[in-house]
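Novice: Below is one structure. I have some questions about it.
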Protein chains: 2
Amino acid sequence: MNPVEIIQLKETILEDNDGDARVLRQALREEKTFYVNVMSSPGSGKTSMILQTIARLREFYRIGVMEADIDSAVDAERVAASGVPAIQLHTGGMCHLDADMSRQGLREIDSRALDLVILENVGNLVCPAEFDAGASLDVAILSVPEGDDKPLKYPLMFQRCSAVLINKIDAMPVFDFDLEKAKEYIHMRNPQAVIFPVSAKTGEGMDAWCRWLKEQADGWNHGGKQR
Amino acid sequence: MNPVEIIQLKETILEDNDGDARVLRQALREEKTFYVNVMSSPGSGKTSMILQTIARLREFYRIGVMEADIDSAVDAERVAASGVPAIQLHTGGMCHLDADMSRQGLREIDSRALDLVILENVGNLVCPAEFDAGASLDVAILSVPEGDDKPLKYPLMFQRCSAVLINKIDAMPVFDFDLEKAKEYIHMRNPQAVIFPVSAKTGEGMDAWCRWLKEQADGWNHGGKQR
């Protein structure tokens, strides 16, 4: 396998990240690039979910993936193996991405030539929620082995995400996870959150998620760019 | 159940956390309190592991537990139900504890009257590793559903912990987790790390972990305080 490109992100100098994120979001809207920021704990299945999403949406969109990690390039290599452009962003130890770091990645992956760019943020339920990455859509994954009480402990993540995927539902028989309670806790933080129980391993529930995602992307892109 | 005490931590003013952590560690040594800092991703089983540890070591030590979270008191309530003193620390949105925040908690739980204090740090594989909490021992938990590649992506956590518990080994048949690879990756980050495969659910492996922990605590406490 060809080694994927690894981008060393520079620390942001701008102080007003919220303002910068708004500028980036507007630029992406004009460019007709739908930019999805995927956040979760380490190991809750972000990469597998992205691969399932690519398989279902690649016939409609030109997709690119940015994998953010403190070290290693294992995720970007997995995505690149699917044939979709993928780059690895190294945060230099930092626990999150902000809008300017998004911009550095989007430039490298050349978002202007893509319809849909997916960012796999650093695995962390706390810090990425505090920094608007300038995305068109913020999505959280909560996996069954983590437990149904996570929205109680990590409020901001569930507050700011428009959609929450409850992943690894195939492992439900092995874990003491109450799906209805999880939904209730998520809606306690964010009554508008759209919730998708899925298994990125078996593919269960992924069609419903991708249908919804496509609606959001079409609304943003107005059917994509002129090719 | 009586509601547990919730302590709102104050943000630290001190700039030299490393120096402050050394001071705290030395004070705890003189006080003969063994202070264990447990770190991991959200939902990897910190609370269950602590409950299993309490069950095995409560005959030897007076144990107290500090549960750190951004919100909720569910973990402290679980621990308090075991009959051991437990307090809930709220970090005010912060993603980690530093030495001075440790000190605030230790004062509230009255560490001088205890032999062993366990801190359950905020669930986060990134930030808590960057802040020396002044503990006698730093421990990480990596759970099977998170995947064996986590030491590649989150180097500092595995570098600085003396022991790593690989938890949820009862779920191994359901997940694609290579135990030997996980050990190899942990040792790549820290050749001295002592590794314990455990299940905090079934209790498997917990005896070996608690035997080792008791050795560390006895070495520190010299058999505990005069009661």
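Every chain in the structure tokens takes a letter, A first, then B, and so on in the order presented; its residues are numbered from 1, and the ligands are numbered from 1 following the presented order.
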Taking 4 positions as the minimum chain separation for residues in the same chain, which residues sit within 7 Å of Glu120 of chain B when counting only C-alpha atoms? Answer as a VMD selection string.

Specialist: chain B and resid 37 to 39 46 66 to 68

Novice: Please write the residues from the selection above to a file, keeping C-alpha atoms, as a PDB file, in the first residue's frame.

Specialist:
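Saved the output as part_35.pdb:
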```
ATOM      1  CA  ASN B  37      -4.733   7.931  39.257  1.00  0.00           C
ATOM      2  CA  VAL B  38      -6.874   5.799  36.923  1.00  0.00           C
ATOM      3  CA  MET B  39      -7.177   7.061  33.351  1.00  0.00           C
ATOM      4  CA  LYS B  46     -12.894   2.487  35.272  1.00  0.00           C
ATOM      5  CA  MET B  66     -12.690  10.461  44.031  1.00  0.00           C
ATOM      6  CA  GLU B  67     -14.772  10.403  40.864  1.00  0.00           C
ATOM      7  CA  ALA B  68     -13.975  13.189  38.400  1.00  0.00           C
TER       8      ALA B  68
END
```

Novice: Determine which residues of chain A sit within 10 Å of chain B, taking into account only C-alpha atoms, and present them as number ranges by chain.

Specialist: A: 40-45, 68-75, 90, 93-96, 122-127, 130, 142-156, 168, 170-171, 174-175, 201

Novice: Write out as a PyMOL selection string all residues of segment 34-81 of chain A that backbone DSSP assigns to strand (DSSP E).

Specialist: chain A and resi 34-40+63-69

Novice: Those residues you just picked out, can you put them in a file as a PDB file, in the first residue's frame with N, CA and C atoms?

Specialist:
```pdb
ATOM      1  N   PHE A  34     -19.757  19.786   1.281  1.00  0.00           N
ATOM      2  CA  PHE A  34     -20.420  19.439   2.535  1.00  0.00           C
ATOM      3  C   PHE A  34     -19.373  18.803   3.443  1.00  0.00           C
ATOM      4  N   TYR A  35     -19.169  19.396   4.613  1.00  0.00           N
ATOM      5  CA  TYR A  35     -18.044  19.012   5.481  1.00  0.00           C
ATOM      6  C   TYR A  35     -18.596  18.449   6.788  1.00  0.00           C
ATOM      7  N   VAL A  36     -18.352  17.182   7.031  1.00  0.00           N
ATOM      8  CA  VAL A  36     -18.928  16.488   8.192  1.00  0.00           C
ATOM      9  C   VAL A  36     -17.835  16.189   9.221  1.00  0.00           C
ATOM     10  N   ASN A  37     -18.072  16.621  10.438  1.00  0.00           N
ATOM     11  CA  ASN A  37     -17.117  16.444  11.545  1.00  0.00           C
ATOM     12  C   ASN A  37     -17.602  15.303  12.441  1.00  0.00           C
ATOM     13  N   VAL A  38     -16.883  14.183  12.438  1.00  0.00           N
ATOM     14  CA  VAL A  38     -17.296  13.003  13.208  1.00  0.00           C
ATOM     15  C   VAL A  38     -16.483  12.921  14.495  1.00  0.00           C
ATOM     16  N   MET A  39     -17.169  12.929  15.630  1.00  0.00           N
ATOM     17  CA  MET A  39     -16.504  12.931  16.934  1.00  0.00           C
ATOM     18  C   MET A  39     -16.988  11.765  17.785  1.00  0.00           C
ATOM     19  N   SER A  40     -16.105  11.274  18.655  1.00  0.00           N
ATOM     20  CA  SER A  40     -16.472  10.208  19.601  1.00  0.00           C
ATOM     21  C   SER A  40     -15.293   9.908  20.500  1.00  0.00           C
ATOM     22  N   ILE A  63     -16.004  11.909  -2.626  1.00  0.00           N
ATOM     23  CA  ILE A  63     -15.803  11.934  -1.174  1.00  0.00           C
ATOM     24  C   ILE A  63     -14.309  11.971  -0.853  1.00  0.00           C
ATOM     25  N   GLY A  64     -13.950  12.726   0.166  1.00  0.00           N
ATOM     26  CA  GLY A  64     -12.588  12.708   0.702  1.00  0.00           C
ATOM     27  C   GLY A  64     -12.643  12.597   2.213  1.00  0.00           C
ATOM     28  N   VAL A  65     -11.612  11.998   2.807  1.00  0.00           N
ATOM     29  CA  VAL A  65     -11.610  11.794   4.252  1.00  0.00           C
ATOM     30  C   VAL A  65     -10.324  12.335   4.872  1.00  0.00           C
ATOM     31  N   MET A  66     -10.472  13.080   5.961  1.00  0.00           N
ATOM     32  CA  MET A  66      -9.315  13.566   6.719  1.00  0.00           C
ATOM     33  C   MET A  66      -9.334  12.869   8.076  1.00  0.00           C
ATOM     34  N   GLU A  67      -8.264  12.163   8.375  1.00  0.00           N
ATOM     35  CA  GLU A  67      -8.150  11.416   9.623  1.00  0.00           C
ATOM     36  C   GLU A  67      -7.245  12.188  10.575  1.00  0.00           C
ATOM     37  N   ALA A  68      -7.788  12.628  11.706  1.00  0.00           N
ATOM     38  CA  ALA A  68      -6.967  13.375  12.671  1.00  0.00           C
ATOM     39  C   ALA A  68      -6.556  12.476  13.824  1.00  0.00           C
ATOM     40  N   ASP A  69      -5.278  12.463  14.111  1.00  0.00           N
ATOM     41  CA  ASP A  69      -4.758  11.680  15.231  1.00  0.00           C
ATOM     42  C   ASP A  69      -3.526  12.370  15.780  1.00  0.00           C
TER      43      ASP A  69
END
```

Novice: Excluding same-chain residues fewer than 4 positions from segment 184-196 of chain B, what lies within 7 Å of it counting only C-alpha atoms, as an NGL selection string?

Specialist: :B and (151-152 or 155 or 158-159 or 161-166 or 180 or 205 or 209)

Novice: Nearest to Lys32 of chain A: which of A:Thr202, A:Ser48, A:Gln104, A:Asn221 is it, counting only C-alpha atoms?

Specialist: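 Checking each of A:Thr202, A:Ser48, A:Gln104, A:Asn221 against Lys32 of chain A, counting only C-alpha atoms, the winner is A:Asn221.
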
Novice: Extract, using only C-alpha atoms, all DNA, RNA and protein residues at most 9 Å from Ile7 of chain B, discarding same-chain residues fewer than 6 positions from it, and format them as a short mmCIF file (atom, residue, chain, number, x, y, z; two decimals) with C-alpha atoms, in the first residue's frame.

Specialist:
```
data_model
loop_
_atom_site.label_atom_id
_atom_site.label_comp_id
_atom_site.auth_asym_id
_atom_site.auth_seq_id
_atom_site.Cartn_x
_atom_site.Cartn_y
_atom_site.Cartn_z
CA ILE B 87 -16.90 12.05 46.47
CA GLN B 88 -17.73 13.45 43.06
CA LEU B 89 -15.41 16.10 41.61
CA HIS B 90 -16.85 18.34 38.93
CA THR B 91 -14.22 19.88 36.69
CA GLN B 104 -8.68 20.06 46.54
CA GLY B 105 -10.27 16.61 46.31
CA GLU B 108 -12.37 17.08 50.96
#
```
